[in-house]
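Here's structure18.txt, which has compact mmCIF, C-alpha atoms and all ligand atoms:
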```txt
# COMPACT_ATOMS: atom_id res chain seq x y z
CA MET A 233 110.75 53.94 95.58
CA ILE A 234 107.82 51.59 95.16
CA VAL A 235 105.19 53.08 92.87
CA GLY A 236 101.78 51.56 92.31
CA ASN A 237 100.02 52.35 89.04
CA TRP A 238 96.33 51.70 89.45
CA LYS A 239 95.43 52.49 85.82
CA MET A 240 91.63 52.70 85.38
CA TYR A 241 90.84 50.83 88.57
CA LYS A 242 89.41 51.90 91.94
CA THR A 243 86.70 54.32 92.93
CA ILE A 244 87.25 56.76 95.80
CA GLU A 245 85.74 54.29 98.21
CA GLN A 246 87.97 51.45 97.00
CA ALA A 247 91.02 53.70 97.12
CA LEU A 248 90.37 54.64 100.75
CA GLU A 249 89.78 51.04 101.69
CA PHE A 250 93.11 50.09 100.12
CA LEU A 251 94.96 52.90 101.89
CA GLU A 252 93.56 51.85 105.26
CA LYS A 253 95.10 48.42 104.79
CA ILE A 254 98.44 49.53 103.44
CA LEU A 255 99.19 52.50 105.69
CA PRO A 256 100.72 50.73 108.72
CA MET A 257 103.07 48.75 106.48
CA ALA A 258 104.02 51.79 104.40
CA GLU A 259 104.81 53.80 107.52
CA GLU A 260 107.25 51.17 108.76
CA SER A 261 108.97 50.67 105.43
CA SER A 262 112.19 52.28 104.28
CA ALA A 263 110.68 52.56 100.78
CA GLN A 264 109.12 55.73 99.47
CA VAL A 265 105.64 54.40 98.75
CA MET A 266 103.80 56.15 95.94
CA LEU A 267 100.44 55.52 94.28
CA ALA A 268 99.39 56.81 90.87
CA VAL A 269 95.61 56.80 91.22
CA PRO A 270 92.77 57.80 88.86
CA TYR A 271 92.21 61.58 88.74
CA THR A 272 88.92 61.22 90.58
CA ALA A 273 90.58 59.67 93.63
CA ILE A 274 93.54 62.07 93.98
CA PHE A 275 91.91 64.52 96.37
CA ALA A 276 90.39 61.98 98.74
CA ALA A 277 93.49 59.77 98.71
CA LYS A 278 95.72 62.72 99.49
CA GLU A 279 93.50 63.87 102.36
CA ARG A 280 93.82 60.39 103.86
CA VAL A 281 97.61 60.12 103.57
CA LYS A 282 98.51 63.66 104.64
CA GLU A 283 101.04 63.41 107.47
CA THR A 284 102.04 59.91 106.34
CA LYS A 285 104.89 58.77 104.12
CA ILE A 286 102.66 57.76 101.21
CA ARG A 287 102.73 59.99 98.14
CA ILE A 288 99.84 60.30 95.71
CA GLY A 289 100.19 60.98 92.01
CA ALA A 290 98.38 61.22 88.68
CA GLN A 291 98.87 58.83 85.76
CA ASN A 292 98.95 61.50 83.09
CA ILE A 293 98.56 65.21 82.41
CA ASN A 294 97.92 67.22 79.27
CA ASP A 295 100.87 68.95 77.60
CA ALA A 296 99.20 72.36 77.52
CA PHE A 297 98.95 74.76 80.45
CA GLU A 298 95.17 75.05 79.94
CA GLY A 299 92.79 75.37 77.02
CA ALA A 300 89.80 74.05 75.10
CA PHE A 301 90.74 70.37 75.35
CA THR A 302 87.57 68.63 76.42
CA GLY A 303 88.18 65.84 78.87
CA GLU A 304 91.82 66.71 79.59
CA VAL A 305 93.45 67.67 82.88
CA ALA A 306 96.38 70.07 83.39
CA ALA A 307 99.45 69.74 85.60
CA HIS A 308 98.48 72.56 87.98
CA MET A 309 95.05 70.96 88.42
CA VAL A 310 96.38 67.62 89.59
CA LYS A 311 98.83 69.49 91.77
CA GLU A 312 96.01 71.46 93.38
CA ALA A 313 94.00 68.26 93.85
CA GLY A 314 96.90 66.97 95.95
CA ALA A 315 99.21 65.11 93.57
CA ASP A 316 102.86 64.98 94.56
CA PHE A 317 103.97 63.31 91.36
CA VAL A 318 102.87 62.31 87.89
CA LEU A 319 103.61 59.47 85.47
CA VAL A 320 104.23 60.55 81.90
CA GLY A 321 104.67 58.52 78.74
CA HIS A 322 103.33 55.23 80.03
CA SER A 323 103.31 52.69 77.20
CA GLU A 324 99.51 52.50 77.35
CA ARG A 325 99.40 56.26 76.70
CA ARG A 326 101.84 55.86 73.83
CA ARG A 327 99.88 52.95 72.38
CA TYR A 328 96.23 53.93 72.81
CA PHE A 329 96.58 57.71 72.72
CA LYS A 330 99.47 57.89 70.27
CA GLU A 331 101.70 59.93 72.53
CA THR A 332 105.12 60.73 71.14
CA ASN A 333 108.41 61.52 72.87
CA ALA A 334 108.06 65.16 71.79
CA GLN A 335 104.66 65.40 73.43
CA ILE A 336 105.93 63.65 76.54
CA GLN A 337 108.78 66.17 76.74
CA LYS A 338 106.16 68.94 76.92
CA LYS A 339 104.37 67.07 79.67
CA VAL A 340 107.64 66.82 81.58
CA GLN A 341 108.02 70.59 81.31
CA ARG A 342 104.45 71.22 82.47
CA SER A 343 104.87 68.90 85.36
CA LEU A 344 108.19 70.42 86.47
CA GLU A 345 106.75 73.93 86.16
CA VAL A 346 104.37 73.14 88.98
CA ASP A 347 106.99 71.26 90.94
CA LEU A 348 105.61 67.75 90.59
CA PHE A 349 108.00 64.82 90.80
CA THR A 350 107.92 63.40 87.28
CA ILE A 351 108.33 59.76 86.36
CA ILE A 352 109.07 59.26 82.67
CA CYS A 353 108.18 55.80 81.35
CA ILE A 354 110.15 54.29 78.49
CA GLY A 355 110.57 50.81 77.06
CA GLU A 356 111.00 48.76 73.91
CA SER A 357 108.47 46.49 72.20
CA ALA A 358 109.09 42.78 71.67
CA GLU A 359 109.74 43.46 68.00
CA GLU A 360 112.26 46.18 68.74
CA ARG A 361 114.11 43.87 71.11
CA GLU A 362 114.13 41.02 68.59
CA ASN A 363 115.56 43.35 65.96
CA GLY A 364 118.33 44.55 68.25
CA LYS A 365 116.85 48.05 68.54
CA THR A 366 116.45 48.21 72.32
CA GLU A 367 119.45 50.43 72.93
CA ASP A 368 118.46 52.89 70.22
CA VAL A 369 114.85 53.07 71.39
CA LEU A 370 115.81 53.75 75.01
CA LYS A 371 118.46 56.31 74.09
CA LYS A 372 116.11 58.14 71.76
CA ALA A 373 113.28 58.17 74.29
CA LEU A 374 115.48 59.50 77.08
CA LYS A 375 117.09 62.17 74.93
CA GLU A 376 113.82 63.35 73.43
CA CYS A 377 111.79 63.27 76.64
CA LEU A 378 114.51 65.14 78.55
CA GLU A 379 115.37 67.60 75.82
CA GLY A 380 115.93 71.08 77.22
CA ILE A 381 115.52 69.96 80.84
CA GLY A 382 118.44 71.24 82.90
CA LYS A 383 120.27 69.10 85.41
CA GLU A 384 119.22 71.42 88.22
CA LEU A 385 115.81 69.76 87.87
CA ALA A 386 117.18 66.21 87.99
CA HIS A 387 116.08 65.76 91.61
CA LYS A 388 112.48 66.05 90.42
CA ILE A 389 112.83 63.29 87.84
CA GLY A 390 112.58 59.52 87.89
CA ILE A 391 112.74 57.06 85.00
CA ALA A 392 110.68 53.89 84.72
CA TYR A 393 112.08 51.25 82.40
CA GLU A 394 109.11 49.15 81.34
CA PRO A 395 109.64 46.76 78.44
CA ILE A 396 106.29 46.75 76.63
CA TRP A 397 106.33 42.96 76.27
CA ALA A 398 106.49 42.64 80.05
CA ILE A 399 103.59 44.93 80.94
CA GLY A 400 100.49 43.08 82.04
CA THR A 401 101.68 39.86 80.41
CA GLY A 402 102.95 37.96 83.44
CA LYS A 403 106.28 37.72 81.61
CA ALA A 404 108.59 39.95 83.60
CA ALA A 405 112.09 40.67 82.34
CA THR A 406 114.90 38.81 84.03
CA LYS A 407 116.76 40.87 86.60
CA GLU A 408 119.90 40.68 84.44
CA LEU A 409 118.10 41.99 81.36
CA ALA A 410 116.55 44.79 83.41
CA GLU A 411 119.88 45.68 85.01
CA GLU A 412 121.47 45.93 81.57
CA ALA A 413 118.76 48.33 80.37
CA HIS A 414 118.98 50.35 83.58
CA SER A 415 122.72 50.75 83.35
CA LEU A 416 122.32 51.88 79.75
CA CYS A 417 119.73 54.47 80.86
CA ARG A 418 122.11 55.63 83.58
CA LYS A 419 124.84 56.09 80.98
CA VAL A 420 122.57 58.11 78.69
CA ILE A 421 121.55 60.38 81.56
CA GLU A 422 125.21 60.78 82.44
CA GLU A 423 125.93 61.90 78.88
CA LEU A 424 123.04 64.36 79.03
CA TRP A 425 123.96 65.76 82.43
CA ASP A 426 126.86 64.29 84.41
CA ALA A 427 127.77 61.22 86.45
CA LYS A 428 126.90 62.66 89.84
CA THR A 429 123.49 63.80 88.64
CA ALA A 430 122.84 60.49 86.86
CA ASP A 431 123.51 58.61 90.11
CA MET A 432 120.79 60.63 91.81
CA VAL A 433 118.02 59.82 89.34
CA PRO A 434 115.97 56.81 90.47
CA ILE A 435 115.47 54.26 87.70
CA LEU A 436 112.52 51.97 88.37
CA TYR A 437 111.73 48.67 86.75
CA GLY A 438 108.16 47.92 85.68
CA GLY A 439 106.44 45.07 83.87
CA SER A 440 104.79 42.12 85.63
CA VAL A 441 106.42 42.84 88.97
CA ASN A 442 104.76 40.74 91.66
CA GLN A 443 105.30 39.55 95.20
CA GLU A 444 107.49 36.69 94.01
CA ASN A 445 109.93 38.54 91.79
CA ALA A 446 110.15 42.02 93.37
CA ASP A 447 113.14 41.22 95.58
CA HIS A 448 115.15 39.88 92.63
CA PHE A 449 114.91 43.20 90.84
CA LEU A 450 115.57 45.21 93.97
CA SER A 451 118.85 43.41 94.56
CA MET A 452 120.34 44.85 91.35
CA GLU A 453 122.70 47.80 91.49
CA ASN A 454 120.94 50.08 89.02
CA ILE A 455 117.35 49.20 89.92
CA ASN A 456 116.28 51.78 92.45
CA GLY A 457 112.64 50.88 92.74
CA LEU A 458 109.63 49.38 91.02
CA LEU A 459 106.59 50.52 89.09
CA VAL A 460 103.87 48.02 89.80
CA GLY A 461 100.57 47.70 87.92
CA ASN A 462 98.46 44.66 88.56
CA ALA A 463 100.11 43.66 91.84
CA SER A 464 99.49 47.16 93.27
CA LEU A 465 95.72 46.63 93.19
CA ARG A 466 95.62 44.13 96.04
CA PRO A 467 96.88 45.34 99.43
CA GLU A 468 98.37 41.91 100.22
CA SER A 469 100.63 41.75 97.17
CA PHE A 470 101.57 45.43 97.32
CA ALA A 471 102.42 45.16 101.02
CA LYS A 472 104.68 42.18 100.32
CA ILE A 473 106.56 44.18 97.66
CA ILE A 474 107.00 47.08 100.07
CA SER A 475 108.34 44.78 102.77
CA ASP A 476 110.70 43.16 100.24
CA TYR A 477 112.14 46.60 99.57
CA THR A 478 112.82 47.12 103.26
CA MET A 479 114.35 43.66 103.52
CA VAL A 480 116.66 44.03 100.52
CA HIS A 481 117.82 47.46 101.62
CA HIS A 482 118.53 46.40 105.17
CA SER A 483 120.43 43.25 104.37
P1 LIG D 501 101.98 45.40 85.33
O1 LIG D 501 101.93 46.92 84.85
O2 LIG D 501 102.73 45.39 86.65
O3 LIG D 501 100.57 44.98 85.50
O4 LIG D 501 102.72 44.63 84.29
C1 LIG D 501 103.02 47.77 84.99
C2 LIG D 501 102.70 49.12 84.44
O5 LIG D 501 101.95 49.21 83.47
O6 LIG D 501 103.18 50.16 84.95
```
What does this structure look like when you write it as C-alpha cells?
Amino acid sequence: MIVGNWKMYKTIEQALEFLEKILPMAEESSAQVMLAVPYTAIFAAKERVKETKIRIGAQNINDAFEGAFTGEVAAHMVKEAGADFVLVGHSERRRYFKETNAQIQKKVQRSLEVDLFTIICIGESAEERENGKTEDVLKKALKECLEGIGKELAHKIGIAYEPIWAIGTGKAATKELAEEAHSLCRKVIEELWDAKTADMVPILYGGSVNQENADHFLSMENINGLLVGNASLRPESFAKIISDYTMVHHS
C-alpha cells in the first residue's frame, strides 16, 4: 500500500494533471496506490481513476453522522463523492484542530459504518520519545482509537505510524526504529484482537518518506506500506516510490 497525502495542495485541475502522469506506472505496479486528496478534488479524481487500480480517499471526516457543523463534511458524503478510504487522526489534525483519540475513535466508527477503508494515524512527539514514552503513547492511541471496533472489521482498517518529529521535517526515522514501532503496534493489535487478524492489518510508515529512503522502509518485515506527504505531490518522486514497492516485493 502506497498512500499519498496531499494535505491542502492541488486544485481539481492539478489533481487530474498528476493522475494523468502517474496512471501508467500505478497500473503496472504491485502496490495498491491510494491518494488522499482535498475534499474538492475527490469527485473528479475518482471519475478519472474509475476502472484503474488507484484508490481515492479523504483526509478527514467529522465524527457526527450529520448536523449543524458549519464547514464540516460527513463520512457518507465523502463516500458518495467517490472516496474509497479516509485518513483519520493525522498529527496535523491532532495538533491544529485538537483532535483526541476519543474523537478519532468516533470517526473510525463513522467511516466503517459507510464501509470506507480507514487509516488511523498515530505517532509520538520528539519530547515523548526523549522521555521514553513512545511505547505508552502508541499503545494508548491504538487502544483508544480502536475501542469497541470488532475484529470482523479489521480488514477495513490500516494503521499509519508517523512519528511527529519526522513529518515534514526531512528527518525520517531509521528503518530499524520504524520496524520496532511497527512490531509494537502489531503486538498491541494482537492483544486487542488476535494474531491472525493482526497479521492482516497493514501498518504503514510515514514521515519524510522520499524516493531515496522508501525502499529501505519497505524491506522491513512489519512495514507494509508508506504514507507519503511531500513526496506525493510530484509525479516523479511518487512514481519512484511506487516502483520501489514493486521492486522490493518482487525481489
Ligand atoms: P511528509 O508527510 O511525507 O511530508 O513528512 C507525511 C504525512 O504527513 O503523512
**Report entry** Contact residues around range 260-272 of chain A with all atoms listed in the file at 8 Å, ignoring same-chain residues under 2 positions, as JSON, numbers by chain
**Finding:** {"A": [233, 234, 235, 236, 237, 238, 239, 240, 241, 242, 243, 244, 256, 257, 258, 274, 275, 285, 286, 287, 288, 289, 290, 291, 310, 317, 318, 319, 474, 475, 477, 478, 481]}
Go ahead and write the residues just picked, C-alpha atoms, as a compact mmCIF listing (two decimals), in the frame of the given file.
```txt
# COMPACT_ATOMS: atom_id res chain seq x y z
CA MET A 233 110.75 53.94 95.58
CA ILE A 234 107.82 51.59 95.16
CA VAL A 235 105.19 53.08 92.87
CA GLY A 236 101.78 51.56 92.31
CA ASN A 237 100.02 52.35 89.04
CA TRP A 238 96.33 51.70 89.45
CA LYS A 239 95.43 52.49 85.82
CA MET A 240 91.63 52.70 85.38
CA TYR A 241 90.84 50.83 88.57
CA LYS A 242 89.41 51.90 91.94
CA THR A 243 86.70 54.32 92.93
CA ILE A 244 87.25 56.76 95.80
CA PRO A 256 100.72 50.73 108.72
CA MET A 257 103.07 48.75 106.48
CA ALA A 258 104.02 51.79 104.40
CA ILE A 274 93.54 62.07 93.98
CA PHE A 275 91.91 64.52 96.37
CA LYS A 285 104.89 58.77 104.12
CA ILE A 286 102.66 57.76 101.21
CA ARG A 287 102.73 59.99 98.14
CA ILE A 288 99.84 60.30 95.71
CA GLY A 289 100.19 60.98 92.01
CA ALA A 290 98.38 61.22 88.68
CA GLN A 291 98.87 58.83 85.76
CA VAL A 310 96.38 67.62 89.59
CA PHE A 317 103.97 63.31 91.36
CA VAL A 318 102.87 62.31 87.89
CA LEU A 319 103.61 59.47 85.47
CA ILE A 474 107.00 47.08 100.07
CA SER A 475 108.34 44.78 102.77
CA TYR A 477 112.14 46.60 99.57
CA THR A 478 112.82 47.12 103.26
CA HIS A 481 117.82 47.46 101.62
```
Students should find that CA of Val340 in chain A and CA of Gly355 in chain A are spaced 16.9 Å
query: Could you list, as a PyMOL selection string, all the residues within 9 Å of ligand LIG 501 (chain D), counting only C-alpha atoms and all ligand atoms?
result: chain A and resi 235-239+322-324+353+392+394+396-404+437-442+458-464
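One distance worth recording is that between CA of Glu249 in chain A and CA of Pro467 in chain A, which is 9.4 Å.
Minimum distance to Gln335 in chain A across A:Glu360, A:Asp368, A:Glu304, A:Asp295 (counting all atoms listed in the file) occurs at A:Asp295.
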(message) Env of Phe250 in chain A: 9 Å cut, atoms = all atoms listed in the file, seq-sep filter 4 positions within chain, self excluded. Answer as a PyMOL selection string.
(response) chain A and resi 245-246+254-255+465-467
Write the residues you've just listed into a file as an mmCIF file, in the frame of the given file, and include C-alpha atoms for each of them.
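Written file, result_32.cif:
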```cif
data_model
loop_
_atom_site.group_PDB
_atom_site.id
_atom_site.type_symbol
_atom_site.label_atom_id
_atom_site.label_comp_id
_atom_site.auth_asym_id
_atom_site.auth_seq_id
_atom_site.Cartn_x
_atom_site.Cartn_y
_atom_site.Cartn_z
ATOM 1 C CA GLU A 245 85.740 54.290 98.210
ATOM 2 C CA GLN A 246 87.970 51.450 97.000
ATOM 3 C CA ILE A 254 98.440 49.530 103.440
ATOM 4 C CA LEU A 255 99.190 52.500 105.690
ATOM 5 C CA LEU A 465 95.720 46.630 93.190
ATOM 6 C CA ARG A 466 95.620 44.130 96.040
ATOM 7 C CA PRO A 467 96.880 45.340 99.430
#
```
Between A:Lys419, A:Lys339, A:Arg280, A:Lys407, which residue has the minimum interatomic distance to Lys371 in chain A, considering all atoms listed in the file?
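The shortest atom-to-atom distance to Lys371 in chain A comes from A:Lys419.
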Quick check, in Å to one decimal: how far apart do CA of Ala247 in chain A and CA of Ala277 in chain A lie?
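According to the coordinates, CA of Ala247 in chain A and CA of Ala277 in chain A are separated by 6.7 Å.
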If you count all atoms listed in the file, which residues fall within 12 Å of Glu422 in chain A, apart from same-chain ones fewer than 3 positions away, as an mmCIF file with C-alpha atoms, keeping the file's coordinate frame?
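Contents of selection19.cif, as written:
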```cif
data_model
loop_
_atom_site.group_PDB
_atom_site.id
_atom_site.type_symbol
_atom_site.label_atom_id
_atom_site.label_comp_id
_atom_site.auth_asym_id
_atom_site.auth_seq_id
_atom_site.Cartn_x
_atom_site.Cartn_y
_atom_site.Cartn_z
ATOM 1 C CA LYS A 371 118.460 56.310 74.090
ATOM 2 C CA LEU A 374 115.480 59.500 77.080
ATOM 3 C CA LYS A 375 117.090 62.170 74.930
ATOM 4 C CA LYS A 383 120.270 69.100 85.410
ATOM 5 C CA ALA A 386 117.180 66.210 87.990
ATOM 6 C CA SER A 415 122.720 50.750 83.350
ATOM 7 C CA LEU A 416 122.320 51.880 79.750
ATOM 8 C CA CYS A 417 119.730 54.470 80.860
ATOM 9 C CA ARG A 418 122.110 55.630 83.580
ATOM 10 C CA LYS A 419 124.840 56.090 80.980
ATOM 11 C CA TRP A 425 123.960 65.760 82.430
ATOM 12 C CA ASP A 426 126.860 64.290 84.410
ATOM 13 C CA ALA A 427 127.770 61.220 86.450
ATOM 14 C CA LYS A 428 126.900 62.660 89.840
ATOM 15 C CA THR A 429 123.490 63.800 88.640
ATOM 16 C CA ALA A 430 122.840 60.490 86.860
ATOM 17 C CA ASP A 431 123.510 58.610 90.110
ATOM 18 C CA MET A 432 120.790 60.630 91.810
ATOM 19 C CA VAL A 433 118.020 59.820 89.340
#
```
Per-axis box centre and lengths in Å around range 301-313 of chain A, 5 Å margin per side, axis-aligned, as AutoDock Vina command-line options:
```
--center_x 93.5 --center_y 69.2 --center_z 84.6 --size_x 21.9 --size_y 16.7 --size_z 28.5
```
From the options A:Leu424, A:Ala446, A:Leu385, A:Met479, which residue's atoms come nearest to Lys372 in chain A, counting all atoms listed in the file?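 Smallest distance to Lys372 in chain A is found for A:Leu424.
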Practice task
Rank A:Lys282, A:His387, A:His448, A:Arg327 by their smallest atom-to-atom distance to Ala315 in chain A, using all atoms listed in the file, and report the top residue only.
Solution key: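 Ranking A:Lys282, A:His387, A:His448, A:Arg327 by distance to Ala315 in chain A, first place goes to A:Lys282.
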| said: From the options A:Glu423, A:Glu279, A:Glu379, A:Asp447, which residue's atoms come nearest to Lys472 in chain A, counting all atoms listed in the file? | reply: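 Counting all atoms listed in the file, the residue closest to Lys472 in chain A is A:Asp447.
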- Message: Can you pull out the residues contacting Ser343 in chain A? Cut-off 10 Å, using all atoms listed in the file, and skip same-chain residues under 6 positions away; I want them as a ChimeraX atom specification.
- Response: /A:292-295,297,306-308,310-311,317-320,337,349-351,388
- Query: Which residue out of A:Ile421, A:Leu378, A:Leu450, A:Ala410 has the minimum interatomic distance to Ile473 in chain A when all atoms listed in the file are used?
  - Reply: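 Among A:Ile421, A:Leu378, A:Leu450, A:Ala410, it is A:Leu450 that comes nearest to Ile473 in chain A.
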